[in-house]
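What follows is the content of run.cif, which has mmCIF, C-alpha atoms and all ligand atoms:
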data_upload
loop_
_atom_site.label_atom_id
_atom_site.label_comp_id
_atom_site.auth_asym_id
_atom_site.auth_seq_id
_atom_site.Cartn_x
_atom_site.Cartn_y
_atom_site.Cartn_z
CA MET Z 1 10.32 -21.56 4.69
CA SER Z 2 7.44 -19.87 2.88
CA SER Z 3 6.87 -16.28 1.75
CA TYR Z 4 3.41 -14.70 1.86
CA VAL Z 5 2.08 -11.43 0.50
CA ILE Z 6 -0.83 -9.96 2.45
CA GLY Z 7 -3.25 -7.28 1.22
CA ASP Z 8 -4.74 -4.33 3.07
CA VAL Z 9 -5.19 -5.19 6.77
CA GLN Z 10 -6.53 -1.76 7.81
CA GLY Z 11 -6.56 -2.59 11.51
CA CYS Z 12 -8.31 -5.95 11.13
CA TYR Z 13 -6.05 -7.54 13.72
CA ASP Z 14 -8.26 -10.50 14.60
CA GLU Z 15 -8.55 -11.52 10.94
CA LEU Z 16 -4.77 -11.12 10.52
CA CYS Z 17 -4.19 -13.49 13.43
CA ALA Z 18 -6.72 -15.94 11.95
CA LEU Z 19 -4.99 -15.74 8.57
CA LEU Z 20 -1.53 -16.35 10.10
CA ALA Z 21 -2.97 -19.38 11.92
CA LYS Z 22 -4.54 -20.65 8.68
CA ILE Z 23 -1.17 -20.60 6.86
CA ASN Z 24 0.61 -22.12 9.89
CA PHE Z 25 2.81 -19.05 9.95
CA ASN Z 26 6.21 -19.60 11.56
CA ALA Z 27 7.71 -16.26 12.58
CA GLN Z 28 11.25 -17.65 12.59
CA SER Z 29 11.30 -19.31 9.17
CA ASP Z 30 8.52 -17.70 7.09
CA THR Z 31 8.59 -14.23 5.50
CA LEU Z 32 5.72 -11.75 5.19
CA TYR Z 33 5.30 -8.92 2.69
CA PHE Z 34 2.48 -6.47 3.41
CA LEU Z 35 1.10 -4.22 0.66
CA GLY Z 36 0.39 -1.14 2.81
CA ASP Z 37 -2.71 0.33 4.44
CA LEU Z 38 -1.83 -1.63 7.54
CA ILE Z 39 -4.16 0.63 9.50
CA ASN Z 40 -7.29 2.85 9.43
CA ARG Z 41 -11.04 2.25 9.05
CA GLY Z 42 -10.70 -1.00 11.05
CA PRO Z 43 -10.87 -1.56 14.82
CA LYS Z 44 -7.45 -2.63 16.16
CA ASN Z 45 -4.82 -0.42 14.61
CA LEU Z 46 -2.32 -0.34 17.48
CA GLU Z 47 -2.25 -4.13 17.80
CA THR Z 48 -1.93 -4.53 14.03
CA ILE Z 49 0.98 -2.17 13.54
CA ASN Z 50 2.81 -3.38 16.65
CA LEU Z 51 2.57 -6.97 15.45
CA ILE Z 52 3.86 -6.12 11.99
CA ARG Z 53 6.74 -3.88 13.11
CA THR Z 54 8.00 -6.34 15.72
CA LEU Z 55 7.81 -9.59 13.74
CA PRO Z 56 11.10 -10.81 12.27
CA ASN Z 57 11.19 -11.35 8.47
CA CYS Z 58 8.35 -8.90 7.97
CA ASN Z 59 8.29 -6.23 5.25
CA THR Z 60 5.82 -3.61 4.11
CA VAL Z 61 5.37 -0.87 1.58
CA LEU Z 62 3.46 2.28 2.55
CA GLY Z 63 -0.15 2.91 1.60
CA ASN Z 64 -2.14 6.13 1.55
CA HIS Z 65 -3.61 5.42 5.01
CA ASP Z 66 -0.16 4.81 6.52
CA LEU Z 67 1.04 8.14 5.12
CA HIS Z 68 -2.15 9.82 6.38
CA LEU Z 69 -1.41 8.57 9.90
CA LEU Z 70 2.07 10.11 9.65
CA ALA Z 71 0.56 13.43 8.51
CA VAL Z 72 -1.97 13.47 11.37
CA ALA Z 73 0.63 12.36 13.94
CA SER Z 74 3.00 15.15 12.93
CA GLY Z 75 0.28 17.81 13.04
CA CYS Z 76 0.19 18.42 9.27
CA ARG Z 77 -3.37 17.31 8.86
CA ASP Z 78 -6.53 17.05 10.96
CA PRO Z 79 -7.92 13.53 11.26
CA SER Z 80 -11.04 12.89 9.19
CA LYS Z 81 -14.28 11.66 10.76
CA LYS Z 82 -13.73 8.24 9.22
CA ASP Z 83 -10.27 7.73 10.74
CA THR Z 84 -10.11 5.03 13.41
CA PHE Z 85 -6.47 5.24 14.50
CA ASP Z 86 -6.98 7.14 17.75
CA ASP Z 87 -5.59 4.07 19.53
CA ILE Z 88 -2.23 4.74 17.85
CA LEU Z 89 -2.40 8.54 18.27
CA ASN Z 90 -3.10 8.13 22.00
CA SER Z 91 -0.40 5.50 22.51
CA SER Z 92 2.90 6.22 24.26
CA GLU Z 93 4.43 4.21 21.40
CA LEU Z 94 3.36 6.75 18.75
CA PRO Z 95 6.88 8.25 18.30
CA GLU Z 96 8.49 4.88 17.61
CA ILE Z 97 5.60 3.79 15.38
CA ALA Z 98 5.91 7.00 13.32
CA ASP Z 99 9.71 6.59 13.10
CA TRP Z 100 9.27 3.01 11.91
CA LEU Z 101 6.71 4.02 9.25
CA ARG Z 102 9.05 6.74 7.94
CA GLN Z 103 11.68 4.08 7.20
CA GLN Z 104 9.40 1.97 4.99
CA PRO Z 105 9.52 2.09 1.17
CA LEU Z 106 6.75 2.88 -1.32
CA VAL Z 107 8.02 0.27 -3.79
CA HIS Z 108 10.00 -2.87 -3.03
CA SER Z 109 11.33 -5.15 -5.76
CA SER Z 110 12.48 -8.63 -4.82
CA ASP Z 111 15.36 -10.20 -6.75
CA GLU Z 112 14.57 -13.55 -5.15
CA PHE Z 113 11.04 -13.70 -6.56
CA ASN Z 114 11.55 -11.33 -9.48
CA CYS Z 115 8.49 -9.36 -8.41
CA THR Z 116 7.50 -5.94 -7.12
CA PHE Z 117 5.38 -4.97 -4.12
CA VAL Z 118 3.50 -1.65 -4.18
CA HIS Z 119 0.32 -0.36 -2.55
CA ALA Z 120 -1.63 1.04 -5.53
CA GLY Z 121 0.36 0.07 -8.61
CA ILE Z 122 3.04 1.02 -11.12
CA PRO Z 123 1.80 3.13 -14.06
CA HIS Z 124 2.56 1.79 -17.53
CA ILE Z 125 4.50 4.97 -18.29
CA TRP Z 126 7.23 3.87 -15.82
CA THR Z 127 9.47 0.84 -15.95
CA ILE Z 128 9.89 -1.07 -12.69
CA GLU Z 129 13.39 0.37 -12.48
CA LYS Z 130 12.11 3.92 -12.86
CA ALA Z 131 9.37 3.34 -10.26
CA ASN Z 132 12.04 2.21 -7.81
CA LEU Z 133 14.21 5.25 -8.49
CA LEU Z 134 11.26 7.64 -8.02
CA SER Z 135 10.21 5.77 -4.88
CA ARG Z 136 13.74 6.23 -3.46
CA GLU Z 137 13.36 10.02 -4.00
CA VAL Z 138 10.25 10.12 -1.80
CA GLU Z 139 11.77 7.75 0.78
CA THR Z 140 14.83 10.00 1.11
CA VAL Z 141 12.58 12.97 1.92
CA LEU Z 142 10.41 10.92 4.29
CA ARG Z 143 13.47 9.77 6.24
CA GLY Z 144 15.09 13.19 6.30
CA ASN Z 145 14.67 16.36 8.35
CA ASP Z 146 12.16 17.90 5.93
CA PHE Z 147 9.59 15.11 6.12
CA VAL Z 148 6.97 17.40 7.68
CA GLU Z 149 7.20 19.68 4.65
CA PHE Z 150 6.59 16.65 2.41
CA LEU Z 151 3.55 15.55 4.46
CA LYS Z 152 2.10 19.09 4.43
CA ASN Z 153 2.29 19.19 0.63
CA MET Z 154 1.31 15.56 0.03
CA TYR Z 155 -2.46 16.10 -0.31
CA GLY Z 156 -4.08 16.99 -3.63
CA ASN Z 157 -4.89 15.44 -7.02
CA THR Z 158 -2.77 17.77 -9.14
CA PRO Z 159 -0.78 17.60 -11.29
CA SER Z 160 -2.68 14.64 -12.69
CA THR Z 161 -0.01 13.56 -15.19
CA TRP Z 162 3.62 12.64 -14.60
CA ASP Z 163 6.27 14.87 -16.12
CA ASP Z 164 9.99 14.22 -15.69
CA THR Z 165 10.59 17.95 -15.16
CA LEU Z 166 8.44 18.18 -12.00
CA GLN Z 167 10.42 19.45 -9.02
CA GLY Z 168 10.34 19.53 -5.24
CA SER Z 169 7.22 18.89 -3.20
CA ILE Z 170 4.99 18.78 -6.31
CA ARG Z 171 7.20 16.04 -7.77
CA HIS Z 172 7.06 14.06 -4.51
CA ARG Z 173 3.27 14.41 -4.27
CA THR Z 174 2.83 13.19 -7.84
CA ILE Z 175 5.08 10.15 -7.31
CA THR Z 176 3.16 9.36 -4.10
CA ASN Z 177 -0.21 9.67 -5.87
CA TYR Z 178 0.83 7.14 -8.53
CA LEU Z 179 2.29 4.62 -6.10
CA THR Z 180 -0.23 4.86 -3.25
CA ARG Z 181 -3.55 6.17 -4.68
CA MET Z 182 -3.79 5.23 -8.38
CA ARG Z 183 -6.73 3.24 -9.74
CA PHE Z 184 -7.55 4.67 -13.18
CA SER Z 185 -5.13 6.03 -15.76
CA SER Z 186 -5.46 7.35 -19.32
CA ALA Z 187 -3.35 6.03 -22.17
CA GLN Z 188 -1.11 9.06 -21.64
CA GLY Z 189 -0.67 8.20 -17.96
CA GLU Z 190 -3.08 10.82 -16.60
CA LEU Z 191 -4.52 9.84 -13.20
CA GLU Z 192 -8.21 9.91 -12.31
CA LEU Z 193 -8.24 9.78 -8.52
CA SER Z 194 -11.92 10.29 -7.67
CA HIS Z 195 -13.40 6.95 -8.85
CA LYS Z 196 -13.20 3.95 -6.50
CA SER Z 197 -15.61 1.50 -8.15
CA LYS Z 198 -14.71 -0.83 -11.01
CA ASN Z 199 -16.58 1.34 -13.54
CA GLU Z 200 -14.28 3.23 -15.83
CA PRO Z 201 -14.64 6.99 -16.10
CA GLU Z 202 -14.68 8.03 -19.76
CA GLY Z 203 -11.19 8.13 -21.24
CA PHE Z 204 -9.65 6.10 -18.41
CA SER Z 205 -8.95 2.44 -17.68
CA PRO Z 206 -7.67 0.51 -14.68
CA TRP Z 207 -3.89 1.15 -14.58
CA PHE Z 208 -3.12 -2.56 -15.06
CA ASN Z 209 -4.97 -2.75 -18.39
CA PHE Z 210 -2.27 -0.82 -20.24
CA SER Z 211 0.40 -3.00 -21.76
CA ARG Z 212 3.81 -2.88 -20.19
CA THR Z 213 7.19 -3.03 -21.89
CA GLN Z 214 8.15 -6.12 -19.89
CA ASN Z 215 6.34 -9.03 -18.32
CA ASP Z 216 6.56 -7.67 -14.80
CA LEU Z 217 5.11 -9.46 -11.77
CA ILE Z 218 3.47 -6.79 -9.58
CA LEU Z 219 1.56 -7.45 -6.35
CA PHE Z 220 -0.68 -4.62 -5.20
CA GLY Z 221 -3.52 -3.75 -2.81
CA HIS Z 222 -5.59 -0.56 -2.39
CA TRP Z 223 -8.54 -1.41 -4.66
CA ALA Z 224 -11.07 -3.46 -2.70
CA ALA Z 225 -13.72 -3.16 -5.44
CA LEU Z 226 -11.61 -5.48 -7.65
CA GLU Z 227 -12.35 -8.28 -5.15
CA GLY Z 228 -8.87 -9.71 -5.73
CA ALA Z 229 -9.17 -10.02 -9.51
CA SER Z 230 -7.28 -7.84 -12.00
CA GLY Z 231 -7.77 -10.26 -14.90
CA LYS Z 232 -3.98 -10.38 -15.41
CA ASP Z 233 -1.80 -13.33 -14.40
CA ASN Z 234 1.21 -11.14 -13.57
CA LEU Z 235 -0.58 -8.21 -11.87
CA LEU Z 236 -2.03 -9.59 -8.65
CA ALA Z 237 -4.70 -7.68 -6.74
CA LEU Z 238 -4.65 -8.67 -3.06
CA ASP Z 239 -6.97 -6.18 -1.33
CA THR Z 240 -10.01 -8.36 -0.81
CA GLY Z 241 -11.91 -5.85 1.34
CA CYS Z 242 -11.57 -7.33 4.83
CA VAL Z 243 -12.38 -4.01 6.48
CA TRP Z 244 -15.54 -3.80 4.34
CA GLY Z 245 -16.76 -7.18 5.60
CA ARG Z 246 -15.28 -9.45 2.93
CA GLU Z 247 -11.92 -11.29 3.23
CA LEU Z 248 -8.25 -10.93 4.16
CA THR Z 249 -5.96 -12.71 1.70
CA ALA Z 250 -2.40 -14.05 1.70
CA TYR Z 251 -0.63 -15.14 -1.50
CA CYS Z 252 2.19 -17.68 -1.23
CA LEU Z 253 5.05 -16.71 -3.56
CA GLU Z 254 6.45 -20.25 -3.75
CA THR Z 255 3.23 -22.15 -4.46
CA LYS Z 256 1.19 -19.29 -6.03
CA ARG Z 257 -1.74 -20.32 -3.82
CA ARG Z 258 -4.14 -17.87 -2.18
CA PHE Z 259 -5.39 -18.26 1.39
CA SER Z 260 -8.27 -16.19 2.74
CA VAL Z 261 -10.21 -15.74 5.96
CA SER Z 262 -13.61 -14.09 6.22
CA ALA Z 263 -14.08 -10.80 8.00
CA ILE Z 264 -15.44 -11.13 11.51
CA ASN Z 265 -18.88 -9.59 11.85
CA ARG Z 266 -18.85 -6.70 14.27
MN MN L 1 -5.18 2.40 -0.05
#
Show the structure stored in the file as structure tokens.
Amino acid sequence: MSSYVIGDVQGCYDELCALLAKINFNAQSDTLYFLGDLINRGPKNLETINLIRTLPNCNTVLGNHDLHLLAVASGCRDPSKKDTFDDILNSSELPEIADWLRQQPLVHSSDEFNCTFVHAGIPHIWTIEKANLLSREVETVLRGNDFVEFLKNMYGNTPSTWDDTLQGSIRHRTITNYLTRMRFSSAQGELELSHKSKNEPEGFSPWFNFSRTQNDLILFGHWAALEGASGKDNLLALDTGCVWGRELTAYCLETKRRFSVSAINR
């Protein structure tokens, strides 16, 4: 009876299987929490998502690549040249995969472990409780009849700063940008969405460097350049860049141990 949190898989199905073997994963008694970006850029997206959605005791939050797949699948967005999820788009299972993705949350807080799972992070300007409430707003739209409208309006870096008075599709885009794309923030909570390295743009810092009002335990992915290290004991970075040739990592919530497998050379 163990619980593991796994960072960005991005279609690295063979490494996921190797990681599950390494932790002696038991599908009946163990629980998995994925941190989003289950697919894209890697080679075996259909196998990856079908494994994750059919395992018992398996949870995920949505990442930017998962939402991008939904946008492409529903005709809101053309695929980019870097996208590798044609195997899902061409599958007869696409409708059920898309329906399953639309039911997944952007933020999930666990009472059992007193922690929060999110793809990119929780900005210091929001409490955990507020992040959950805002996440529920987006999830309601994503599950409802107007989800295509949300996906059409999801792309874009503006507005760059949260404001409680934001409304409609702009509000939903801004919430989604914080929860699924954030890396750098200003002290005022302004997002800087163009930098992916560890080097801070002037006036900005990694979102997890700003002090929080409570000692929250947050597990997040999305930022492979961190190489699994945020420098904070309670803000755990678990994207260790498997799709970029590094490692896939699982964190055991009971023992606080990390387990990693190396990317397979292709
Ligand atoms: Mn991501």
I'd like the neighbourhood of segment 72-78 of chain Z as a ChimeraX atom specification, where a residue qualifies if any of its atoms comes within 12 Å (using only C-alpha atoms), though same-chain residues fewer than 4 positions away should be ignored.
/Z:65-68,82-91,93-99,101-102,146-155
Can you write out the residues you just picked, keeping C-alpha atoms, as a PDB file, in the frame of the given file?
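result-v4.pdb, written as the output of this step:
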ATOM      1  CA  HIS Z  65      -3.610   5.420   5.010  1.00  0.00           C
ATOM      2  CA  ASP Z  66      -0.160   4.810   6.520  1.00  0.00           C
ATOM      3  CA  LEU Z  67       1.040   8.140   5.120  1.00  0.00           C
ATOM      4  CA  HIS Z  68      -2.150   9.820   6.380  1.00  0.00           C
ATOM      5  CA  LYS Z  82     -13.730   8.240   9.220  1.00  0.00           C
ATOM      6  CA  ASP Z  83     -10.270   7.730  10.740  1.00  0.00           C
ATOM      7  CA  THR Z  84     -10.110   5.030  13.410  1.00  0.00           C
ATOM      8  CA  PHE Z  85      -6.470   5.240  14.500  1.00  0.00           C
ATOM      9  CA  ASP Z  86      -6.980   7.140  17.750  1.00  0.00           C
ATOM     10  CA  ASP Z  87      -5.590   4.070  19.530  1.00  0.00           C
ATOM     11  CA  ILE Z  88      -2.230   4.740  17.850  1.00  0.00           C
ATOM     12  CA  LEU Z  89      -2.400   8.540  18.270  1.00  0.00           C
ATOM     13  CA  ASN Z  90      -3.100   8.130  22.000  1.00  0.00           C
ATOM     14  CA  SER Z  91      -0.400   5.500  22.510  1.00  0.00           C
ATOM     15  CA  GLU Z  93       4.430   4.210  21.400  1.00  0.00           C
ATOM     16  CA  LEU Z  94       3.360   6.750  18.750  1.00  0.00           C
ATOM     17  CA  PRO Z  95       6.880   8.250  18.300  1.00  0.00           C
ATOM     18  CA  GLU Z  96       8.490   4.880  17.610  1.00  0.00           C
ATOM     19  CA  ILE Z  97       5.600   3.790  15.380  1.00  0.00           C
ATOM     20  CA  ALA Z  98       5.910   7.000  13.320  1.00  0.00           C
ATOM     21  CA  ASP Z  99       9.710   6.590  13.100  1.00  0.00           C
ATOM     22  CA  LEU Z 101       6.710   4.020   9.250  1.00  0.00           C
ATOM     23  CA  ARG Z 102       9.050   6.740   7.940  1.00  0.00           C
ATOM     24  CA  ASP Z 146      12.160  17.900   5.930  1.00  0.00           C
ATOM     25  CA  PHE Z 147       9.590  15.110   6.120  1.00  0.00           C
ATOM     26  CA  VAL Z 148       6.970  17.400   7.680  1.00  0.00           C
ATOM     27  CA  GLU Z 149       7.200  19.680   4.650  1.00  0.00           C
ATOM     28  CA  PHE Z 150       6.590  16.650   2.410  1.00  0.00           C
ATOM     29  CA  LEU Z 151       3.550  15.550   4.460  1.00  0.00           C
ATOM     30  CA  LYS Z 152       2.100  19.090   4.430  1.00  0.00           C
ATOM     31  CA  ASN Z 153       2.290  19.190   0.630  1.00  0.00           C
ATOM     32  CA  MET Z 154       1.310  15.560   0.030  1.00  0.00           C
ATOM     33  CA  TYR Z 155      -2.460  16.100  -0.310  1.00  0.00           C
TER      34      TYR Z 155
END
Within 10 Å of ligand MN 1 (chain L), counting only C-alpha atoms and all ligand atoms: which residues, as an mmCIF file with C-alpha atoms, keeping the file's coordinate frame?
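This went into result20.cif:
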data_model
loop_
_atom_site.group_PDB
_atom_site.id
_atom_site.type_symbol
_atom_site.label_atom_id
_atom_site.label_comp_id
_atom_site.auth_asym_id
_atom_site.auth_seq_id
_atom_site.Cartn_x
_atom_site.Cartn_y
_atom_site.Cartn_z
ATOM 1 C CA GLY Z 7 -3.250 -7.280 1.220
ATOM 2 C CA ASP Z 8 -4.740 -4.330 3.070
ATOM 3 C CA GLN Z 10 -6.530 -1.760 7.810
ATOM 4 C CA LEU Z 35 1.100 -4.220 0.660
ATOM 5 C CA GLY Z 36 0.390 -1.140 2.810
ATOM 6 C CA ASP Z 37 -2.710 0.330 4.440
ATOM 7 C CA LEU Z 38 -1.830 -1.630 7.540
ATOM 8 C CA ILE Z 39 -4.160 0.630 9.500
ATOM 9 C CA ASN Z 40 -7.290 2.850 9.430
ATOM 10 C CA LEU Z 62 3.460 2.280 2.550
ATOM 11 C CA GLY Z 63 -0.150 2.910 1.600
ATOM 12 C CA ASN Z 64 -2.140 6.130 1.550
ATOM 13 C CA HIS Z 65 -3.610 5.420 5.010
ATOM 14 C CA ASP Z 66 -0.160 4.810 6.520
ATOM 15 C CA LEU Z 67 1.040 8.140 5.120
ATOM 16 C CA HIS Z 119 0.320 -0.360 -2.550
ATOM 17 C CA ALA Z 120 -1.630 1.040 -5.530
ATOM 18 C CA LEU Z 179 2.290 4.620 -6.100
ATOM 19 C CA THR Z 180 -0.230 4.860 -3.250
ATOM 20 C CA ARG Z 181 -3.550 6.170 -4.680
ATOM 21 C CA MET Z 182 -3.790 5.230 -8.380
ATOM 22 C CA ARG Z 183 -6.730 3.240 -9.740
ATOM 23 C CA PHE Z 220 -0.680 -4.620 -5.200
ATOM 24 C CA GLY Z 221 -3.520 -3.750 -2.810
ATOM 25 C CA HIS Z 222 -5.590 -0.560 -2.390
ATOM 26 C CA TRP Z 223 -8.540 -1.410 -4.660
ATOM 27 C CA ALA Z 224 -11.070 -3.460 -2.700
ATOM 28 C CA ASP Z 239 -6.970 -6.180 -1.330
#
Out of Z:Lys130, Z:Arg143, Z:Lys44, Z:Arg246, which residue has the shortest atom-to-atom distance to Ile175 of chain Z when counting only C-alpha atoms?
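Nearest candidate to Ile175 of chain Z out of Z:Lys130, Z:Arg143, Z:Lys44, Z:Arg246: Z:Lys130.
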In Å, how far is it from atom CA of Pro105 of chain Z to atom CA of Leu70 of chain Z?
13.8 Å
Rounded to one decimal place, report the atom CA of Ile52 of chain Z-atom CA of Glu227 of chain Z distance in Å.
23.7 Å
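If all atoms listed in the file are the atoms counted, then among Z:Lys22, Z:Cys17, Z:Ala131, Z:Val9 the closest residue to Ser260 of chain Z is Z:Lys22.
Among the candidates Z:Asp30, Z:Glu139, Z:Asp216, Z:Asp163, the one nearest to Gly121 of chain Z when counting only C-alpha atoms is Z:Asp216.
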As a check of understanding: the span from atom CA of Leu217 of chain Z to atom CA of Ala237 of chain Z is 11.2 Å
Which residue is closest to Phe210 of chain Z? Choose from Z:Ala187, Z:Ser197, Z:His108, Z:Ala18 and count all atoms listed in the file.
Z:Ala187
Given only C-alpha atoms as the counted atoms, nearest of Z:Leu142, Z:Asn57, Z:Asn209, Z:Cys252 to Trp100 of chain Z:
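Ranking Z:Leu142, Z:Asn57, Z:Asn209, Z:Cys252 by distance to Trp100 of chain Z, first place goes to Z:Leu142.
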Can you work out which one of Z:Ser169, Z:Thr161, Z:Ser109, Z:Asn24 has the shortest atom-to-atom distance to Met1 of chain Z, counting all atoms listed in the file?
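Closest residue, counting all atoms listed in the file: Z:Asn24.
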